[in-house]
$ cat final_29.txt   # compact mmCIF, C-alpha atoms (C1' of nucleotides)
# COMPACT_ATOMS: atom_id res chain seq x y z
CA MET A 1 -64.76 -25.94 16.42
CA ASP A 2 -62.81 -26.40 19.60
CA SER A 3 -63.33 -30.16 19.54
CA THR A 4 -60.04 -30.27 17.68
CA ILE A 5 -58.14 -29.24 20.77
CA GLY A 6 -57.83 -31.95 23.35
CA LEU A 7 -59.31 -32.36 26.78
CA ARG A 8 -56.00 -31.46 28.31
CA GLU A 9 -55.90 -27.98 26.86
CA ARG A 10 -59.55 -27.39 27.59
CA LYS A 11 -59.10 -28.27 31.24
CA LYS A 12 -56.10 -26.03 31.48
CA ALA A 13 -58.06 -23.15 30.04
CA GLU A 14 -60.89 -23.81 32.47
CA THR A 15 -58.57 -23.90 35.43
CA ARG A 16 -56.85 -20.71 34.35
CA GLN A 17 -60.21 -19.03 33.97
CA ALA A 18 -61.37 -20.32 37.35
CA VAL A 19 -58.23 -19.02 39.03
CA HIS A 20 -58.68 -15.69 37.34
CA GLU A 21 -62.27 -15.37 38.46
CA ALA A 22 -61.41 -16.34 42.00
CA ALA A 23 -58.60 -13.81 42.06
CA LEU A 24 -60.80 -11.04 40.72
CA ARG A 25 -63.66 -11.80 43.08
CA LEU A 26 -61.46 -11.92 46.15
CA ALA A 27 -59.58 -8.78 45.15
CA VAL A 28 -62.85 -6.89 44.74
CA GLU A 29 -64.22 -8.21 48.03
CA ARG A 30 -61.19 -7.69 50.26
CA GLY A 31 -58.81 -5.47 48.34
CA LEU A 32 -55.79 -6.91 46.59
CA ASP A 33 -53.44 -6.49 49.55
CA ASN A 34 -55.67 -8.56 51.78
CA VAL A 35 -55.72 -11.50 49.39
CA THR A 36 -53.01 -14.11 49.52
CA VAL A 37 -52.06 -16.40 46.69
CA GLU A 38 -53.04 -19.26 48.95
CA ALA A 39 -56.54 -17.86 49.35
CA ILE A 40 -56.94 -17.60 45.60
CA ALA A 41 -55.63 -21.11 45.15
CA ASP A 42 -58.07 -22.43 47.75
CA ALA A 43 -60.98 -20.64 46.14
CA ALA A 44 -60.06 -22.21 42.81
CA ASN A 45 -59.43 -25.66 44.33
CA ILE A 46 -55.81 -25.93 43.38
CA SER A 47 -52.61 -25.96 45.37
CA ARG A 48 -50.53 -22.88 45.98
CA ARG A 49 -47.76 -24.32 43.85
CA THR A 50 -50.09 -24.91 40.93
CA PHE A 51 -51.14 -21.29 41.05
CA SER A 52 -47.56 -20.42 40.17
CA ASN A 53 -47.75 -22.78 37.20
CA TYR A 54 -50.53 -20.64 35.79
CA PHE A 55 -49.66 -17.09 36.80
CA ASP A 56 -46.61 -15.12 37.83
CA GLY A 57 -48.44 -13.49 40.70
CA LYS A 58 -51.84 -12.36 41.87
CA GLU A 59 -51.66 -9.26 39.72
CA ASP A 60 -51.35 -11.34 36.58
CA ALA A 61 -54.20 -13.55 37.73
CA VAL A 62 -56.47 -10.56 38.26
CA LEU A 63 -55.54 -9.04 34.92
CA TYR A 64 -55.87 -12.21 32.87
CA GLY A 65 -59.26 -11.06 31.61
CA ASP A 66 -57.65 -7.95 30.17
CA GLU A 67 -55.10 -10.06 28.40
CA GLN A 68 -57.85 -12.12 26.81
CA ARG A 69 -59.68 -9.01 25.71
CA LEU A 70 -56.61 -7.57 24.12
CA ARG A 71 -55.80 -10.80 22.32
CA GLU A 72 -59.28 -10.79 20.89
CA LEU A 73 -58.70 -7.24 19.74
CA VAL A 74 -55.44 -8.19 18.08
CA ARG A 75 -57.22 -11.00 16.28
CA ARG A 76 -59.75 -8.56 14.90
CA VAL A 77 -57.04 -6.14 13.86
CA ALA A 78 -55.43 -8.87 11.80
CA GLU A 79 -58.78 -9.53 10.13
CA GLN A 80 -59.25 -5.96 8.97
CA PRO A 81 -59.16 -5.41 5.19
CA PRO A 82 -55.52 -5.06 4.19
CA GLU A 83 -56.02 -1.90 2.17
CA ARG A 84 -56.79 0.02 5.33
CA THR A 85 -54.02 1.98 7.01
CA ALA A 86 -52.78 0.87 10.39
CA TRP A 87 -54.77 3.58 12.09
CA GLN A 88 -57.94 2.70 10.24
CA ALA A 89 -57.45 -0.97 11.00
CA LEU A 90 -57.02 -0.30 14.69
CA ARG A 91 -60.04 1.95 14.91
CA GLY A 92 -62.08 -0.45 12.81
CA ALA A 93 -61.15 -3.39 14.98
CA LEU A 94 -62.02 -1.45 18.10
CA ARG A 95 -65.40 -0.49 16.68
CA ASP A 96 -66.14 -4.07 15.63
CA PHE A 97 -65.05 -5.36 18.96
CA TYR A 98 -67.34 -3.16 20.98
CA HIS A 99 -70.14 -3.55 18.51
CA ASP A 100 -70.08 -7.33 18.80
CA SER A 101 -69.33 -7.57 22.50
CA GLY A 102 -72.20 -5.30 23.42
CA SER A 103 -71.69 -3.24 26.55
CA PRO A 104 -68.51 -3.98 28.48
CA ASP A 105 -68.88 -6.78 30.98
CA ARG A 106 -69.03 -6.34 34.74
CA ASP A 107 -65.69 -8.02 35.25
CA TRP A 108 -63.97 -5.57 33.02
CA VAL A 109 -65.33 -2.63 34.98
CA GLN A 110 -64.26 -4.24 38.21
CA ARG A 111 -60.76 -4.78 36.90
CA SER A 112 -60.51 -1.18 35.77
CA LYS A 113 -61.53 0.07 39.17
CA LEU A 114 -59.03 -2.21 40.81
CA VAL A 115 -56.28 -0.92 38.57
CA LYS A 116 -57.18 2.60 39.65
CA ARG A 117 -56.75 1.65 43.31
CA HIS A 118 -53.66 -0.54 43.10
CA PRO A 119 -50.47 0.77 41.49
CA SER A 120 -49.02 -2.73 41.27
CA LEU A 121 -51.88 -3.66 38.96
CA LEU A 122 -51.28 -0.59 36.85
CA ALA A 123 -47.64 -1.57 36.49
CA ARG A 124 -48.50 -5.06 35.29
CA GLN A 125 -51.18 -3.78 32.98
CA LEU A 126 -48.87 -1.31 31.30
CA ALA A 127 -46.20 -3.96 30.96
CA GLY A 128 -48.78 -6.13 29.29
CA HIS A 129 -49.59 -3.36 26.85
CA ALA A 130 -45.91 -3.00 26.05
CA ARG A 131 -45.67 -6.71 25.33
CA LEU A 132 -48.69 -6.39 23.12
CA GLU A 133 -47.07 -3.80 20.91
CA SER A 134 -44.96 -6.33 19.06
CA GLU A 135 -47.95 -8.58 18.44
CA LEU A 136 -49.89 -5.68 17.05
CA SER A 137 -46.97 -4.88 14.80
CA GLN A 138 -47.39 -8.31 13.26
CA ALA A 139 -51.09 -7.76 12.72
CA LEU A 140 -50.41 -4.44 11.02
CA ALA A 141 -47.54 -5.53 8.80
CA GLY A 142 -47.67 -4.57 5.15
CA ARG A 143 -50.40 -1.96 5.37
CA PRO A 144 -50.24 1.37 3.54
CA GLN A 145 -48.96 4.31 5.56
CA PRO A 146 -49.65 7.38 3.43
CA HIS A 147 -48.91 9.82 6.25
CA GLY A 148 -45.46 8.43 6.95
CA VAL A 149 -46.07 7.68 10.62
CA GLU A 150 -44.50 4.40 11.59
CA PRO A 151 -46.65 1.49 12.80
CA ARG A 152 -44.74 1.33 16.06
CA VAL A 153 -45.75 4.89 16.82
CA ILE A 154 -49.32 4.40 15.69
CA ILE A 155 -49.70 1.42 17.95
CA ALA A 156 -48.34 3.15 21.01
CA VAL A 157 -50.64 6.10 20.43
CA PHE A 158 -53.59 3.80 19.97
CA LEU A 159 -52.92 2.04 23.26
CA VAL A 160 -52.64 5.40 24.96
CA ALA A 161 -56.12 6.21 23.72
CA LEU A 162 -57.49 2.97 25.08
CA ARG A 163 -55.95 3.64 28.44
CA ILE A 164 -57.04 7.25 28.76
CA GLY A 165 -60.48 6.51 27.39
CA THR A 166 -60.93 3.72 29.89
CA GLN A 167 -59.72 5.75 32.85
CA ARG A 168 -61.98 8.60 31.88
CA TRP A 169 -64.97 6.34 31.46
CA VAL A 170 -64.41 4.66 34.80
CA ASN A 171 -64.17 8.05 36.48
CA GLU A 172 -67.27 9.53 34.84
CA PRO A 173 -69.46 6.77 33.41
CA GLU A 174 -72.32 9.22 32.77
CA THR A 175 -70.48 11.16 30.08
CA GLY A 176 -70.90 8.55 27.39
CA THR A 177 -70.19 5.07 26.14
CA LEU A 178 -66.76 3.59 26.61
CA LEU A 179 -66.37 3.48 22.87
CA GLU A 180 -67.35 7.13 22.64
CA MET A 181 -64.74 8.08 25.20
CA MET A 182 -62.06 6.18 23.35
CA ASP A 183 -63.12 7.63 20.01
CA GLN A 184 -62.96 11.08 21.51
CA VAL A 185 -59.35 10.56 22.53
CA LEU A 186 -58.51 8.85 19.25
CA ASP A 187 -59.90 11.81 17.30
CA GLN A 188 -57.67 14.17 19.22
CA LEU A 189 -54.63 12.04 18.67
CA ALA A 190 -55.02 11.87 14.92
CA ARG A 191 -55.27 15.64 14.75
CA PRO A 192 -52.17 17.79 14.29
CA PHE A 193 -51.02 19.89 17.22
CA GLU A 194 -48.25 22.18 18.32
CA MET B 1 -27.70 27.24 48.09
CA ASP B 2 -28.21 23.86 49.68
CA SER B 3 -26.68 24.95 52.95
CA THR B 4 -30.20 25.86 53.99
CA ILE B 5 -31.22 22.22 54.10
CA GLY B 6 -29.76 20.33 57.02
CA LEU B 7 -27.15 17.66 57.30
CA ARG B 8 -29.89 15.13 57.92
CA GLU B 9 -31.52 15.58 54.54
CA ARG B 10 -28.21 15.70 52.77
CA LYS B 11 -27.16 12.42 54.34
CA LYS B 12 -30.45 10.86 53.37
CA ALA B 13 -29.99 11.97 49.79
CA GLU B 14 -26.46 10.60 49.77
CA THR B 15 -27.56 7.27 51.14
CA ARG B 16 -30.40 7.01 48.63
CA GLN B 17 -27.97 7.79 45.84
CA ALA B 18 -25.45 5.29 47.15
CA VAL B 19 -28.07 2.57 47.35
CA HIS B 20 -29.20 3.37 43.86
CA GLU B 21 -25.69 3.19 42.48
CA ALA B 22 -25.00 -0.06 44.26
CA ALA B 23 -28.23 -1.53 42.92
CA LEU B 24 -27.48 -0.44 39.39
CA ARG B 25 -23.92 -1.65 39.47
CA LEU B 26 -24.81 -5.07 40.84
CA ALA B 27 -27.72 -5.47 38.46
CA VAL B 28 -25.46 -4.73 35.51
CA GLU B 29 -22.78 -7.07 36.79
CA ARG B 30 -24.88 -10.08 37.75
CA GLY B 31 -28.28 -9.52 36.22
CA LEU B 32 -31.18 -8.29 38.30
CA ASP B 33 -32.43 -11.75 39.25
CA ASN B 34 -29.11 -12.70 40.74
CA VAL B 35 -29.00 -9.68 43.01
CA THR B 36 -30.65 -9.83 46.41
CA VAL B 37 -31.77 -6.84 48.39
CA GLU B 38 -29.32 -7.89 51.03
CA ALA B 39 -26.45 -7.74 48.57
CA ILE B 40 -27.42 -4.22 47.56
CA ALA B 41 -27.73 -3.20 51.19
CA ASP B 42 -24.31 -4.64 51.96
CA ALA B 43 -22.75 -2.85 49.02
CA ALA B 44 -24.25 0.41 50.23
CA ASN B 45 -23.30 -0.22 53.86
CA ILE B 46 -26.80 -0.24 55.24
CA SER B 47 -28.98 -2.94 56.73
CA ARG B 48 -31.56 -4.85 54.77
CA ARG B 49 -34.29 -3.22 56.83
CA THR B 50 -33.02 0.24 56.01
CA PHE B 51 -33.11 -0.54 52.32
CA SER B 52 -36.86 -0.88 52.66
CA ASN B 53 -36.99 2.57 54.24
CA TYR B 54 -35.62 4.01 51.03
CA PHE B 55 -37.07 1.89 48.25
CA ASP B 56 -40.03 -0.39 47.70
CA GLY B 57 -37.88 -3.00 46.02
CA LYS B 58 -34.76 -3.51 43.97
CA GLU B 59 -36.54 -2.38 40.82
CA ASP B 60 -37.28 1.00 42.32
CA ALA B 61 -33.71 1.27 43.54
CA VAL B 62 -32.34 0.59 40.08
CA LEU B 63 -34.73 3.04 38.47
CA TYR B 64 -34.21 5.85 40.93
CA GLY B 65 -31.94 7.62 38.48
CA ASP B 66 -34.74 7.71 35.94
CA GLU B 67 -37.03 9.22 38.51
CA GLN B 68 -34.51 11.97 39.19
CA ARG B 69 -34.11 12.66 35.50
CA LEU B 70 -37.83 12.95 34.99
CA ARG B 71 -38.26 15.23 37.97
CA GLU B 72 -35.63 17.48 36.52
CA LEU B 73 -37.53 17.47 33.24
CA VAL B 74 -40.76 18.38 34.99
CA ARG B 75 -39.00 21.27 36.68
CA ARG B 76 -37.87 22.57 33.32
CA VAL B 77 -41.33 22.19 31.87
CA ALA B 78 -42.74 24.37 34.61
CA GLU B 79 -40.12 27.00 33.81
CA GLN B 80 -41.05 27.26 30.16
CA PRO B 81 -42.57 30.60 29.06
CA PRO B 82 -46.28 30.45 29.84
CA GLU B 83 -47.38 31.64 26.42
CA ARG B 84 -46.15 28.40 24.90
CA THR B 85 -48.61 25.59 24.31
CA ALA B 86 -48.29 22.40 26.31
CA TRP B 87 -46.66 20.66 23.37
CA GLN B 88 -44.20 23.47 22.80
CA ALA B 89 -43.37 23.60 26.49
CA LEU B 90 -42.70 19.87 26.62
CA ARG B 91 -40.52 19.90 23.54
CA GLY B 92 -38.74 23.01 24.70
CA ALA B 93 -38.02 21.54 28.10
CA LEU B 94 -36.71 18.36 26.50
CA ARG B 95 -34.42 20.32 24.21
CA ASP B 96 -33.11 22.45 27.09
CA PHE B 97 -32.61 19.40 29.21
CA TYR B 98 -30.48 17.56 26.71
CA HIS B 99 -28.68 20.70 25.69
CA ASP B 100 -27.60 21.42 29.26
CA SER B 101 -26.93 17.86 30.33
CA GLY B 102 -24.69 17.17 27.39
CA SER B 103 -24.63 13.60 26.18
CA PRO B 104 -26.63 11.12 28.23
CA ASP B 105 -24.67 9.62 31.08
CA ARG B 106 -23.42 6.05 31.22
CA ASP B 107 -25.77 5.13 34.02
CA TRP B 108 -28.76 6.11 32.00
CA VAL B 109 -27.71 3.87 29.13
CA GLN B 110 -27.15 1.01 31.51
CA ARG B 111 -30.58 1.44 33.02
CA SER B 112 -32.20 1.48 29.61
CA LYS B 113 -30.49 -1.74 28.66
CA LEU B 114 -31.55 -3.34 31.91
CA VAL B 115 -35.13 -2.31 31.30
CA LYS B 116 -34.96 -3.99 27.93
CA ARG B 117 -33.86 -7.25 29.54
CA HIS B 118 -36.08 -7.30 32.62
CA PRO B 119 -39.86 -7.00 32.26
CA SER B 120 -40.25 -6.25 35.95
CA LEU B 121 -38.19 -3.11 35.43
CA LEU B 122 -40.29 -2.11 32.46
CA ALA B 123 -43.41 -2.48 34.58
CA ARG B 124 -42.06 -0.23 37.30
CA GLN B 125 -40.78 2.28 34.81
CA LEU B 126 -44.12 2.59 33.07
CA ALA B 127 -45.90 2.87 36.38
CA GLY B 128 -43.52 5.70 37.21
CA HIS B 129 -44.40 7.43 33.97
CA ALA B 130 -48.07 7.10 34.80
CA ARG B 131 -47.51 8.69 38.20
CA LEU B 132 -45.63 11.45 36.46
CA GLU B 133 -48.55 12.37 34.27
CA SER B 134 -50.37 14.17 37.03
CA GLU B 135 -47.28 16.15 37.99
CA LEU B 136 -46.81 17.19 34.42
CA SER B 137 -50.43 18.27 34.31
CA GLN B 138 -49.63 20.70 37.10
CA ALA B 139 -46.63 22.04 35.23
CA LEU B 140 -48.75 22.58 32.13
CA ALA B 141 -51.79 24.14 33.77
CA GLY B 142 -53.17 27.30 32.25
CA ARG B 143 -51.36 27.15 28.92
CA PRO B 144 -53.03 27.93 25.61
CA GLN B 145 -54.28 24.94 23.65
CA PRO B 146 -55.27 26.31 20.25
CA HIS B 147 -55.64 22.88 18.68
CA GLY B 148 -58.14 21.62 21.24
CA VAL B 149 -56.11 18.62 22.31
CA GLU B 150 -56.30 18.13 26.05
CA PRO B 151 -53.16 18.35 28.19
CA ARG B 152 -53.72 14.83 29.53
CA VAL B 153 -53.53 13.50 26.00
CA ILE B 154 -50.57 15.65 25.06
CA ILE B 155 -48.64 14.42 28.07
CA ALA B 156 -49.31 10.77 27.41
CA VAL B 157 -48.23 11.15 23.81
CA PHE B 158 -45.10 12.98 24.85
CA LEU B 159 -44.11 10.22 27.23
CA VAL B 160 -44.70 7.69 24.48
CA ALA B 161 -42.23 9.57 22.34
CA LEU B 162 -39.63 9.52 25.10
CA ARG B 163 -40.08 5.80 25.54
CA ILE B 164 -39.97 4.88 21.87
CA GLY B 165 -37.13 7.26 21.16
CA THR B 166 -35.13 5.79 23.99
CA GLN B 167 -35.75 2.19 22.99
CA ARG B 168 -34.86 2.97 19.43
CA TRP B 169 -31.68 4.74 20.43
CA VAL B 170 -30.59 1.92 22.71
CA ASN B 171 -31.18 -0.58 19.92
CA GLU B 172 -29.36 1.39 17.23
CA PRO B 173 -27.10 4.00 18.79
CA GLU B 174 -25.44 4.72 15.46
CA THR B 175 -28.51 6.21 13.84
CA GLY B 176 -28.33 9.50 15.70
CA THR B 177 -28.45 11.40 18.95
CA LEU B 178 -30.96 10.42 21.58
CA LEU B 179 -32.54 13.83 21.22
CA GLU B 180 -32.74 13.34 17.48
CA MET B 181 -34.50 10.03 17.89
CA MET B 182 -37.00 11.52 20.29
CA ASP B 183 -37.55 14.53 18.04
CA GLN B 184 -38.15 12.21 15.14
CA VAL B 185 -40.91 10.42 17.02
CA LEU B 186 -42.30 13.68 18.37
CA ASP B 187 -42.53 15.09 14.85
CA GLN B 188 -44.52 12.10 13.72
CA LEU B 189 -46.87 12.33 16.64
CA ALA B 190 -47.76 15.96 16.07
CA ARG B 191 -48.59 15.19 12.47
CA PRO B 192 -52.13 14.22 11.44
CA PHE B 193 -52.75 10.66 10.34
CA GLU B 194 -55.50 8.28 9.30
C1' DG C 1 -59.39 -52.20 27.09
C1' DT C 2 -54.04 -52.20 28.39
C1' DG C 3 -49.91 -50.00 28.84
C1' DC C 4 -46.77 -46.39 28.52
C1' DA C 5 -44.88 -41.73 27.86
C1' DA C 6 -45.82 -36.93 28.46
C1' DA C 7 -48.04 -33.34 30.86
C1' DG C 8 -49.86 -31.64 34.97
C1' DT C 9 -50.58 -31.48 40.05
C1' DT C 10 -49.28 -31.79 44.61
C1' DT C 11 -46.29 -31.76 48.73
C1' DC C 12 -42.20 -30.38 50.75
C1' DT C 13 -38.52 -27.39 51.08
C1' DC C 14 -35.79 -23.26 51.07
C1' DA C 15 -34.10 -18.66 49.90
C1' DC C 16 -35.89 -14.15 49.47
C1' DT C 17 -39.05 -10.27 50.42
C1' DG C 18 -41.77 -6.71 52.92
C1' DT C 19 -43.25 -4.81 57.16
C1' DG C 20 -44.47 -4.06 62.23
C1' DC C 21 -42.20 -3.39 66.48
C1' DA C 22 -38.78 -2.32 69.95
C1' DT C 23 -34.40 -0.33 70.66
C1' DG C 24 -30.47 2.36 69.84
C1' DT C 25 -28.18 6.41 67.64
C1' DA C 26 -27.54 10.87 65.34
C1' DC C 27 -29.42 15.24 64.29
C1' DG C 28 -31.64 19.70 65.14
C1' DT C 29 -33.49 23.04 68.15
C1' DT C 30 -33.73 25.55 72.31
C1' DA D 1 -26.00 20.75 77.45
C1' DA D 2 -30.42 18.68 76.95
C1' DC D 3 -34.34 17.18 74.97
C1' DG D 4 -37.47 15.63 71.20
C1' DT D 5 -37.59 13.76 66.75
C1' DA D 6 -36.18 11.47 62.79
C1' DC D 7 -33.69 7.75 61.24
C1' DA D 8 -31.08 3.11 61.42
C1' DT D 9 -30.98 -1.39 63.11
C1' DG D 10 -32.13 -6.13 64.58
C1' DC D 11 -35.66 -9.34 65.19
C1' DA D 12 -39.84 -11.76 64.12
C1' DC D 13 -43.15 -13.33 61.04
C1' DA D 14 -46.29 -13.92 57.18
C1' DG D 15 -46.13 -14.17 52.29
C1' DT D 16 -43.89 -15.30 47.87
C1' DG D 17 -41.55 -17.92 44.04
C1' DA D 18 -39.37 -21.77 42.47
C1' DG D 19 -36.76 -26.52 42.41
C1' DA D 20 -37.19 -31.53 43.37
C1' DA D 21 -39.54 -35.69 43.83
C1' DA D 22 -43.73 -38.44 44.09
C1' DC D 23 -48.16 -39.01 42.32
C1' DT D 24 -52.26 -38.54 39.00
C1' DT D 25 -54.34 -37.59 34.64
C1' DT D 26 -54.31 -37.37 29.69
C1' DG D 27 -53.06 -38.74 24.98
C1' DC D 28 -51.87 -42.32 22.08
C1' DA D 29 -50.53 -46.83 20.14
C1' DC D 30 -51.60 -51.37 20.13

$ encode --input "final_29.txt" --output "structure tokens"
Amino acid sequence: MDSTIGLRERKKAETRQAVHEAALRLAVERGLDNVTVEAIADAANISRRTFSNYFDGKEDAVLYGDEQRLRELVRRVAEQPPERTAWQALRGALRDFYHDSGSPDRDWVQRSKLVKRHPSLLARQLAGHARLESELSQALAGRPQPHGVEPRVIIAVFLVALRIGTQRWVNEPETGTLLEMMDQVLDQLARPFE
Amino acid sequence: MDSTIGLRERKKAETRQAVHEAALRLAVERGLDNVTVEAIADAANISRRTFSNYFDGKEDAVLYGDEQRLRELVRRVAEQPPERTAWQALRGALRDFYHDSGSPDRDWVQRSKLVKRHPSLLARQLAGHARLESELSQALAGRPQPHGVEPRVIIAVFLVALRIGTQRWVNEPETGTLLEMMDQVLDQLARPFE
DNA sequence: GTGCAAAGTTTCTCACTGTGCATGTACGTT
DNA sequence: AACGTACATGCACAGTGAGAAACTTTGCAC
């Protein structure tokens, strides 16, 4: 299935992944501030300059896994039955995603904890979410919206739920599944309030 | 009323403001990427080293006005009658704020347009919002929440409305007042949806 | 296979940034 | 007036991001 794409692209993807993993590992081991781009590049066996060809900075390198996850989520959103509302599609995609992926991977937990400790990571992560909003708009185009809430608004609210759910789950992992935490927030958000 | 605070603090505030204004002006004139910290420092008659004593980077310097605005909003939230729900307090504070301030100032519009053009500014701005959430939690402590939606969630949703409303207003200023745009989004958010 | 163009990597370079440190200066307090 | 403290400055230095040029690998046509 991926034999259609050439060796070139495959290698690039591998390198990018390797750089990401090196960045994440080093950041967890030493703390992000004590990791230089050069150290990451060394660990991934590339030059410092090449690092810049792949990522805009160490923050982006660390968060690349998140980006992948979210792209996967967007893909699943687009695959949701078109008669569903935007909200239903988003929640459905989220459920599918966590159902298929099983429990969240170690790396993802590590990234979340890093984000909690390093404001610069939070900044990049939120910027990434903002960029994602337009892509999600595409995936939600042409769906019914019986309640009259615009897709743009729905999407932003949905991402808020992901963020709060994640933060909450990282802070108190005993309380429930990640999906449960997110669902809990999502339920609140869909409810009317004053 | 501010004669109680010393000359020292007043000077500091003036310098910070001057640096901010210089940063904003230069960023608007040349584009953020073509403005060095040194140029900002020169324009504000301070040394490059001193710039770093005031701000963590040019982005923060440009966005300082936003920070002030939001602090003012938080202050007004805390002053809302305590029998109001968190949501009512937030909306009330917003209304008061824009009622008193009159139409939004030029600088604010310029900053919003800059944020639209420069992702690094968006990142910092969103990180600032995230930092603000805890302060708003304080200002909303102990209020009734009849609908069972947690303050944390309310706050995040509220900030989403500010962001979307602002973006929308910057993109199409003819459609209505900034406050109207925000209210429009806020109305949608308080409504139930599926 | 051979050869060639395109894409990717590396090395070198340079302007810019952030911060620790030592020193000088202005403020506030007594 | 005098002293301690907070702040500003200049300097040094490690780290960063990006352009340019040389070199290597990949994709493709023959």

$ residues_around --input "final_29.txt" --residues "Val115 in chain B" --least-positions-apart "6" --cutoff "9 Å" --atoms "only C-alpha atoms (C1' of nucleotides)" --output "number ranges by chain"
B: 63, 121-123, 125

$ residues_near_point --input "final_29.txt" --point "(-44.8, -8.3, 60.4)" --cutoff "9 Å" --atoms "only C-alpha atoms (C1' of nucleotides)" --output "list of chain:residue names"
C:DG18, C:DT19, C:DG20, C:DC21, D:DA12, D:DC13, D:DA14

$ closest_atom_pairs --input "final_29.txt" --of "chain C" --to "chain A" --cutoff "10 Å" --atoms "all atoms listed in the file" --output "Markdown table"
| residue | atom | partner | partner_atom | distance |
| --- | --- | --- | --- | --- |
| C:DA7 | C1' | A:Arg8 | CA | 8.6 |
| C:DG8 | C1' | A:Thr50 | CA | 9.0 |
| C:DT9 | C1' | A:Thr50 | CA | 6.6 |
| C:DT10 | C1' | A:Ser47 | CA | 6.8 |
| C:DT11 | C1' | A:Arg49 | CA | 9.0 |

$ residues_around --input "final_29.txt" --residues "DT30 in chain C" --least-positions-apart "5" --cutoff "12 Å" --atoms "only C-alpha atoms (C1' of nucleotides)" --output "number ranges by chain"
D: 1-4

$ atom_distance --input "final_29.txt" --atom1 "CA of Ala156 in chain A" --atom2 "CA of Asn171 in chain A"
22.7 Å

$ interface_residues --input "final_29.txt" --of "chain D" --to "chain B" --cutoff "10 Å" --atoms "all atoms listed in the file" --output "list in words"
DA6, DC7, DA8, DT9 and DG10 of chain D

$ atom_distance --input "final_29.txt" --atom1 "CA of Leu162 in chain A" --atom2 "CA of Ala78 in chain B"
27.7 Å

$ residues_around --input "final_29.txt" --residues "Gln145 in chain B" --least-positions-apart "4" --cutoff "12 Å" --atoms "only C-alpha atoms (C1' of nucleotides)" --output "number ranges by chain"
A: 192-194; B: 82-89, 140-141, 149-154

$ closest_residue --input "final_29.txt" --among "A:Val170, A:Ala22, A:Leu73, A:Ala161" --to "chain B" --atoms "only C-alpha atoms"
A:Ala161

$ atom_distance --input "final_29.txt" --atom1 "CA of Val185 in chain A" --atom2 "CA of Gln80 in chain B"
25.9 Å

$ decode --input "final_29.txt" --residues "range 137-146 of chain A" --atoms "N, CA, C and O atoms" --output "CSV table (one decimal), in the first residue's frame"
chain,number,residue,atom,x,y,z
A,137,SER,N,-12.2,22.0,9.3
A,137,SER,CA,-13.3,22.6,8.6
A,137,SER,C,-13.6,21.9,7.3
A,137,SER,O,-14.8,21.6,7.0
A,138,GLN,N,-12.5,21.6,6.6
A,138,GLN,CA,-12.7,20.8,5.3
A,138,GLN,C,-13.4,19.5,5.6
A,138,GLN,O,-14.3,19.1,4.9
A,139,ALA,N,-12.9,18.8,6.6
A,139,ALA,CA,-13.4,17.4,6.8
A,139,ALA,C,-14.9,17.5,7.3
A,139,ALA,O,-15.5,16.4,7.3
A,140,LEU,N,-15.3,18.6,7.7
A,140,LEU,CA,-16.7,18.7,8.2
A,140,LEU,C,-17.6,19.5,7.3
A,140,LEU,O,-18.8,19.7,7.6
A,141,ALA,N,-17.1,19.8,6.1
A,141,ALA,CA,-17.9,20.6,5.2
A,141,ALA,C,-19.1,19.8,4.7
A,141,ALA,O,-19.1,18.6,4.5
A,142,GLY,N,-20.2,20.6,4.6
A,142,GLY,CA,-21.4,20.0,4.0
A,142,GLY,C,-22.2,19.1,4.9
A,142,GLY,O,-23.0,18.3,4.4
A,143,ARG,N,-22.0,19.1,6.2
A,143,ARG,CA,-22.7,18.3,7.1
A,143,ARG,C,-23.9,19.1,7.7
A,143,ARG,O,-23.9,20.3,7.7
A,144,PRO,N,-25.0,18.4,8.1
A,144,PRO,CA,-26.2,19.1,8.7
A,144,PRO,C,-25.8,19.8,10.0
A,144,PRO,O,-25.0,19.3,10.7
A,145,GLN,N,-26.4,20.9,10.2
A,145,GLN,CA,-26.2,21.6,11.5
A,145,GLN,C,-27.5,22.1,12.0
A,145,GLN,O,-27.8,23.3,12.0
A,146,PRO,N,-28.3,21.1,12.6
A,146,PRO,CA,-29.7,21.4,13.0
A,146,PRO,C,-29.7,22.5,14.1
A,146,PRO,O,-30.7,23.2,14.2
